[in-house]
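What's in upload-v4.cif: mmCIF, C-alpha atoms
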```cif
data_work
#
loop_
_atom_site.group_PDB
_atom_site.id
_atom_site.type_symbol
_atom_site.label_atom_id
_atom_site.label_comp_id
_atom_site.auth_asym_id
_atom_site.auth_seq_id
_atom_site.Cartn_x
_atom_site.Cartn_y
_atom_site.Cartn_z
ATOM 1 C CA HIS S 1 0.000 0.000 0.000
ATOM 2 C CA THR S 2 1.151 3.546 -0.664
ATOM 3 C CA THR S 3 1.785 5.669 2.410
ATOM 4 C CA MET S 4 2.432 9.372 2.726
ATOM 5 C CA LEU S 5 2.837 12.103 5.301
ATOM 6 C CA ASP S 6 -0.396 13.928 6.059
ATOM 7 C CA SER S 7 0.936 17.475 6.445
ATOM 8 C CA SER S 8 -2.195 18.587 8.322
ATOM 9 C CA THR S 9 -1.787 16.017 11.128
ATOM 10 C CA GLY S 10 1.869 14.977 10.896
ATOM 11 C CA PHE S 11 0.865 11.288 10.712
ATOM 12 C CA ILE S 12 1.977 8.734 8.132
ATOM 13 C CA VAL S 13 -1.256 7.625 6.431
ATOM 14 C CA TYR S 14 -2.403 5.540 3.485
ATOM 15 C CA GLY S 15 -2.699 7.461 0.222
ATOM 16 C CA MET S 16 -5.253 7.106 -2.569
ATOM 17 C CA GLN S 17 -5.040 8.459 -6.081
ATOM 18 C CA GLU S 18 -7.641 11.078 -6.979
ATOM 19 C CA SER S 19 -9.134 11.409 -10.447
ATOM 20 C CA GLY S 20 -6.614 14.115 -11.381
ATOM 21 C CA GLY S 21 -3.718 11.788 -10.638
ATOM 22 C CA ILE S 22 -2.741 13.449 -7.348
ATOM 23 C CA LEU S 23 -2.083 11.301 -4.304
ATOM 24 C CA ALA S 24 -4.457 12.289 -1.511
ATOM 25 C CA ALA S 25 -4.054 11.484 2.178
ATOM 26 C CA THR S 26 -6.696 9.328 3.824
ATOM 27 C CA ALA S 27 -7.392 9.253 7.560
ATOM 28 C CA LEU S 28 -6.262 5.611 7.721
ATOM 29 C CA ARG S 29 -2.934 4.876 9.393
ATOM 30 C CA PRO S 30 -0.575 1.897 8.982
ATOM 31 C CA GLY S 31 -0.380 -0.241 12.101
ATOM 32 C CA ARG S 32 -3.813 0.910 13.233
ATOM 33 C CA ASP S 33 -6.177 0.481 10.277
ATOM 34 C CA ASN S 34 -6.626 -2.467 7.928
ATOM 35 C CA ALA S 35 -6.066 -0.993 4.472
ATOM 36 C CA ASP S 36 -7.367 -4.088 2.628
ATOM 37 C CA ALA S 37 -10.583 -4.142 4.639
ATOM 38 C CA MET S 38 -11.088 -0.429 3.966
ATOM 39 C CA GLY S 39 -10.623 -0.856 0.205
ATOM 40 C CA ILE S 40 -7.312 0.978 -0.141
ATOM 41 C CA PRO S 41 -5.686 -0.213 -3.387
ATOM 42 C CA LYS S 42 -2.128 -1.504 -3.403
ATOM 43 C CA HIS S 43 0.731 0.030 -5.410
ATOM 44 C CA THR S 44 -1.015 3.334 -6.044
ATOM 45 C CA GLY S 45 0.999 5.317 -8.584
ATOM 46 C CA LEU S 46 0.814 8.879 -9.812
ATOM 47 C CA ALA S 47 0.719 10.034 -13.390
ATOM 48 C CA VAL S 48 3.384 12.724 -13.688
ATOM 49 C CA THR S 49 2.410 15.054 -16.534
ATOM 50 C CA ALA S 50 4.114 18.115 -17.965
ATOM 51 C CA GLU S 51 1.348 20.257 -16.449
ATOM 52 C CA LYS S 52 1.994 18.833 -13.011
ATOM 53 C CA GLU S 53 5.733 19.320 -13.446
ATOM 54 C CA LYS S 54 5.073 22.977 -14.290
ATOM 55 C CA LEU S 55 2.816 23.330 -11.256
ATOM 56 C CA ALA S 56 5.528 21.789 -9.085
ATOM 57 C CA LEU S 57 7.887 24.638 -9.912
ATOM 58 C CA SER S 58 5.740 27.273 -8.249
ATOM 59 C CA PRO S 59 6.731 28.131 -4.655
ATOM 60 C CA GLU S 60 3.175 27.820 -3.386
ATOM 61 C CA SER S 61 2.902 24.160 -4.388
ATOM 62 C CA GLU S 62 5.292 22.452 -1.967
ATOM 63 C CA GLU S 63 2.775 19.671 -1.407
ATOM 64 C CA HIS S 64 2.540 18.991 -5.149
ATOM 65 C CA ARG S 65 6.340 18.989 -5.454
ATOM 66 C CA ARG S 66 6.641 16.438 -2.688
ATOM 67 C CA GLN S 67 3.958 14.219 -4.202
ATOM 68 C CA LEU S 68 5.470 14.375 -7.661
ATOM 69 C CA TRP S 69 8.950 13.676 -6.349
ATOM 70 C CA ASN S 70 7.683 10.579 -4.576
ATOM 71 C CA ALA S 71 5.709 9.550 -7.660
ATOM 72 C CA LYS S 72 8.779 9.539 -9.892
ATOM 73 C CA ARG S 73 10.667 7.132 -7.678
ATOM 74 C CA PRO S 74 10.332 3.489 -8.614
ATOM 75 C CA PRO S 75 9.428 1.197 -5.730
ATOM 76 C CA ARG S 76 12.556 0.085 -3.877
ATOM 77 C CA ARG S 77 13.034 -3.635 -3.691
ATOM 78 C CA GLY S 78 15.212 -5.531 -1.291
ATOM 79 C CA ALA S 79 17.766 -8.012 -2.491
ATOM 80 C CA SER S 80 16.539 -11.561 -3.164
ATOM 81 C CA SER S 81 19.958 -13.172 -3.587
ATOM 82 C CA GLY S 82 23.594 -12.536 -2.766
ATOM 83 C CA THR S 83 24.637 -10.663 0.364
ATOM 84 C CA MET S 84 22.676 -7.755 1.779
ATOM 85 C CA LYS S 85 24.285 -5.500 4.385
ATOM 86 C CA ASN S 86 21.894 -4.426 7.122
ATOM 87 C CA LEU S 87 22.464 -1.594 9.595
ATOM 88 C CA VAL S 88 20.933 -2.110 13.047
ATOM 89 C CA VAL S 89 20.778 1.072 15.132
ATOM 90 C CA LEU S 90 19.938 0.566 18.804
ATOM 91 C CA ILE S 91 18.099 3.538 20.332
ATOM 92 C CA ARG S 92 17.322 4.077 24.020
ATOM 93 C CA PHE S 93 14.737 6.642 25.123
ATOM 94 C CA ARG S 94 15.921 9.233 27.645
ATOM 95 C CA ASP S 95 13.619 8.023 30.425
ATOM 96 C CA HIS S 96 14.844 4.448 29.981
ATOM 97 C CA LEU S 97 18.375 5.709 30.619
ATOM 98 C CA GLN S 98 17.240 7.684 33.671
ATOM 99 C CA LYS S 99 15.417 4.670 35.125
ATOM 100 C CA GLY S 100 18.405 2.408 34.537
ATOM 101 C CA ARG S 101 16.319 0.066 32.418
ATOM 102 C CA PRO S 102 18.412 -3.015 31.536
ATOM 103 C CA LEU S 103 19.352 -3.428 27.899
ATOM 104 C CA PRO S 104 20.551 -6.343 25.816
ATOM 105 C CA THR S 105 24.214 -6.016 24.919
ATOM 106 C CA VAL S 106 25.422 -5.241 21.427
ATOM 107 C CA MET S 107 26.805 -8.802 21.347
ATOM 108 C CA ASP S 108 23.360 -10.218 22.266
ATOM 109 C CA ILE S 109 21.738 -8.318 19.411
ATOM 110 C CA THR S 110 24.558 -9.398 17.089
ATOM 111 C CA HIS S 111 23.757 -13.033 17.957
ATOM 112 C CA VAL S 112 20.054 -12.396 17.263
ATOM 113 C CA MET S 113 20.909 -10.890 13.884
ATOM 114 C CA ASN S 114 23.906 -12.922 12.665
ATOM 115 C CA THR S 115 24.657 -16.157 14.512
ATOM 116 C CA VAL S 116 23.908 -19.133 12.280
ATOM 117 C CA GLY S 117 21.902 -21.622 14.303
ATOM 118 C CA GLY S 118 21.176 -18.987 16.933
ATOM 119 C CA LYS S 119 22.477 -18.918 20.503
ATOM 120 C CA PRO S 120 20.851 -20.500 23.560
ATOM 121 C CA GLY S 121 19.332 -17.950 25.911
ATOM 122 C CA VAL S 122 19.490 -15.167 23.305
ATOM 123 C CA ALA S 123 18.275 -16.516 19.961
ATOM 124 C CA PRO S 124 17.255 -20.129 20.685
ATOM 125 C CA THR S 125 15.276 -20.620 17.459
ATOM 126 C CA GLY S 126 17.870 -19.082 15.147
ATOM 127 C CA SER S 127 18.890 -15.663 13.918
ATOM 128 C CA VAL S 128 17.600 -13.157 11.384
ATOM 129 C CA LYS S 129 20.331 -14.424 9.056
ATOM 130 C CA ASP S 130 18.958 -17.981 9.457
ATOM 131 C CA PHE S 131 15.453 -16.765 8.634
ATOM 132 C CA TYR S 132 16.497 -15.172 5.342
ATOM 133 C CA LEU S 133 18.756 -18.072 4.389
ATOM 134 C CA GLU S 134 15.962 -20.569 4.933
ATOM 135 C CA ASN S 135 13.273 -18.541 3.177
ATOM 136 C CA SER S 136 15.488 -17.756 0.174
ATOM 137 C CA TYR S 137 16.645 -21.374 -0.193
ATOM 138 C CA ASN S 138 20.157 -20.276 0.819
ATOM 139 C CA LYS S 139 20.276 -17.572 -1.863
ATOM 140 C CA LEU S 140 20.211 -14.476 0.386
ATOM 141 C CA THR S 141 22.639 -13.799 3.219
ATOM 142 C CA VAL S 142 21.799 -10.845 5.458
ATOM 143 C CA GLU S 143 24.894 -9.502 7.206
ATOM 144 C CA SER S 144 23.899 -7.140 10.009
ATOM 145 C CA PHE S 145 26.144 -4.524 11.573
ATOM 146 C CA VAL S 146 24.926 -3.612 15.063
ATOM 147 C CA PHE S 147 25.874 -0.115 16.195
ATOM 148 C CA PRO S 148 26.139 0.524 19.976
ATOM 149 C CA TRP S 149 23.207 2.048 21.831
ATOM 150 C CA ILE S 150 22.406 5.690 21.100
ATOM 151 C CA ASN S 151 20.520 7.758 23.673
ATOM 152 C CA ALA S 152 17.552 9.679 22.298
ATOM 153 C CA PRO S 153 17.149 13.208 23.708
ATOM 154 C CA GLN S 154 13.469 12.752 24.634
ATOM 155 C CA SER S 155 11.344 10.252 26.557
ATOM 156 C CA GLU S 156 9.389 7.309 25.165
ATOM 157 C CA SER S 157 6.085 9.116 25.885
ATOM 158 C CA TYR S 158 7.284 12.179 23.933
ATOM 159 C CA TYR S 159 8.000 10.119 20.822
ATOM 160 C CA ALA S 160 4.815 8.061 21.270
ATOM 161 C CA ASN S 161 2.838 11.327 21.168
ATOM 162 C CA ASN S 162 -0.245 9.659 22.668
ATOM 163 C CA ASN S 163 -0.112 6.889 20.079
ATOM 164 C CA ARG S 164 1.660 3.613 19.345
ATOM 165 C CA GLY S 165 3.650 2.217 16.452
ATOM 166 C CA LEU S 166 4.840 4.819 13.973
ATOM 167 C CA THR S 167 3.881 8.267 15.169
ATOM 168 C CA SER S 168 4.375 11.812 13.925
ATOM 169 C CA ARG S 169 7.568 11.944 16.008
ATOM 170 C CA THR S 170 9.149 8.602 15.109
ATOM 171 C CA HIS S 171 11.351 10.239 12.478
ATOM 172 C CA GLN S 172 12.827 12.534 15.149
ATOM 173 C CA PHE S 173 14.636 9.840 17.127
ATOM 174 C CA ILE S 174 15.668 8.018 13.953
ATOM 175 C CA ALA S 175 17.117 11.250 12.534
ATOM 176 C CA HIS S 176 18.890 11.920 15.842
ATOM 177 C CA ALA S 177 20.462 8.453 15.822
ATOM 178 C CA LEU S 178 21.627 8.795 12.213
ATOM 179 C CA ASP S 179 23.092 12.228 13.002
ATOM 180 C CA GLU S 180 25.025 10.663 15.880
ATOM 181 C CA LEU S 181 26.351 7.968 13.549
ATOM 182 C CA GLU S 182 27.448 10.635 11.093
ATOM 183 C CA LYS S 183 29.219 12.607 13.854
ATOM 184 C CA ASP S 184 31.105 9.420 14.734
ATOM 185 C CA GLY S 185 32.326 9.245 11.131
ATOM 186 C CA PHE S 186 30.230 6.202 10.272
ATOM 187 C CA ASP S 187 30.558 5.208 6.604
ATOM 188 C CA PHE S 188 27.007 4.775 5.297
ATOM 189 C CA SER S 189 28.292 4.039 1.796
ATOM 190 C CA ALA S 190 28.956 0.435 2.824
ATOM 191 C CA PHE S 191 25.150 -0.021 2.949
ATOM 192 C CA ASP S 192 24.409 1.722 -0.358
ATOM 193 C CA VAL S 193 23.147 -0.825 -2.870
ATOM 194 C CA ASN S 194 22.859 1.774 -5.641
ATOM 195 C CA PRO S 195 25.404 4.601 -5.224
ATOM 196 C CA LYS S 196 24.034 6.419 -8.289
ATOM 197 C CA ASP S 197 20.507 7.097 -7.002
ATOM 198 C CA GLY S 198 21.483 9.552 -4.240
ATOM 199 C CA GLU S 199 19.830 7.435 -1.542
ATOM 200 C CA ILE S 200 20.976 4.803 0.910
#
```
Re-express the file's structure as structure tokens.
Amino acid sequence: HTTMLDSSTGFIVYGMQESGGILAATALRPGRDNADAMGIPKHTGLAVTAEKEKLALSPESEEHRRQLWNAKRPPRRGASSGTMKNLVVLIRFRDHLQKGRPLPTVMDITHVMNTVGGKPGVAPTGSVKDFYLENSYNKLTVESFVFPWINAPQSESYYANNNRGLTSRTHQFIAHALDELEKDGFDFSAFDVNPKDGEI
């Protein structure tokens, strides 16, 4: 299903294509509403016309520019064979730090992600790598790099914003964590499957 940011509420919502080819926000949210049951079509695309491109150049049409930009991007697909590098960023909310909430170690999470056959007491039924190997008939190996815990500047309740799942503030702690990685000199290019598209 196609999702988009509803600029009026700040929530990520399902989008539907209007008759003019513009993607419109619905009130339905991923993780809360059943898009199939509500009749939201899958793989909604936008027709990008010369008229829309012209409209997107005007300063008052930021929303149209964003929609058109997203429309021109082909859907991103994960690898189905070979080796895929996966970045795992561990984030701790500020109040969890203040309360001394116990955390799994980086090594524990590394076992959960990478240890073939799993590890008793941590990943007794196997790892994420095992899962992808088995389901790809040994064609896809997921190699995960687990970065040490990063402390978010706000509390869990702040980011939850009276909701659960993805909220209007989820991007804030993710952006903070990625900024911290960048400050540490982390090389994101190692995880770039297509260096020519300007995205990682």
Worksheet entry | Residue among S:Ser157, S:Arg164, S:Ile150, S:Arg169 lying closest to Asp184 in chain S, counting only C-alpha atoms | S:Ile150
Worksheet entry | Selection result of the PyMOL selection byres ((chain S and resi 35) around 12) on this file, as a PyMOL selection string | chain S and resi 1-3+13-16+26-34+36-42
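Going from CA of Ile174 in chain S over to CA of Asp95 in chain S, you cover 16.6 Å.
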Discussion item. Between S:Met84, S:Ala24, S:Gln154, S:Pro195, which residue has the minimum interatomic distance to Leu140 in chain S, considering all atoms listed in the file?
Written reply: S:Met84
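Here CA of Phe93 in chain S stands at a distance of 27.8 Å from CA of Gly126 in chain S.
Taking all atoms listed in the file, the non-local environment of His111 in chain S within 7 Å (same-chain residues fewer than 5 positions away omitted) comprises Gly118, Lys119, Ala123 and Ser127 of chain S.
Against this structure, the PyMOL selection byres ((chain S and resi 103-110) around 9) ends up with Val88, Leu90, Arg92, Gly100, Arg101, Pro102, His111, Val112, Met113, Asn114, Thr115, Lys119, Val122, Ala123, Ser144, Phe145, Val146, Phe147, Pro148 and Trp149 of chain S.
Computed from the coordinates, the CA of Leu181 in chain S to CA of Leu87 in chain S distance equals 11.1 Å.
With distances taken over all atoms listed in the file, S:Glu156 is the one residue among S:Glu143, S:Glu182, S:Glu156, S:Glu134 lying closest to Thr170 in chain S.
For the file shown, the residue list from the PyMOL selection byres ((chain S and resi 79) around 12) reads Arg76, Arg77, Gly78, Ser80, Ser81, Gly82, Thr83, Met84, Lys85, Asn86, Tyr132, Ser136, Lys139, Leu140, Thr141, Val142, Asp192, Val193 and Asn194 of chain S.
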Could the residues in this selection be saved with C-alpha atoms as a compact mmCIF listing (two decimals), in the coordinates of the input?
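Everything below was put into part_10.txt:
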```
# COMPACT_ATOMS: atom_id res chain seq x y z
CA ARG S 76 12.56 0.08 -3.88
CA ARG S 77 13.03 -3.64 -3.69
CA GLY S 78 15.21 -5.53 -1.29
CA SER S 80 16.54 -11.56 -3.16
CA SER S 81 19.96 -13.17 -3.59
CA GLY S 82 23.59 -12.54 -2.77
CA THR S 83 24.64 -10.66 0.36
CA MET S 84 22.68 -7.76 1.78
CA LYS S 85 24.28 -5.50 4.38
CA ASN S 86 21.89 -4.43 7.12
CA TYR S 132 16.50 -15.17 5.34
CA SER S 136 15.49 -17.76 0.17
CA LYS S 139 20.28 -17.57 -1.86
CA LEU S 140 20.21 -14.48 0.39
CA THR S 141 22.64 -13.80 3.22
CA VAL S 142 21.80 -10.84 5.46
CA ASP S 192 24.41 1.72 -0.36
CA VAL S 193 23.15 -0.82 -2.87
CA ASN S 194 22.86 1.77 -5.64
```
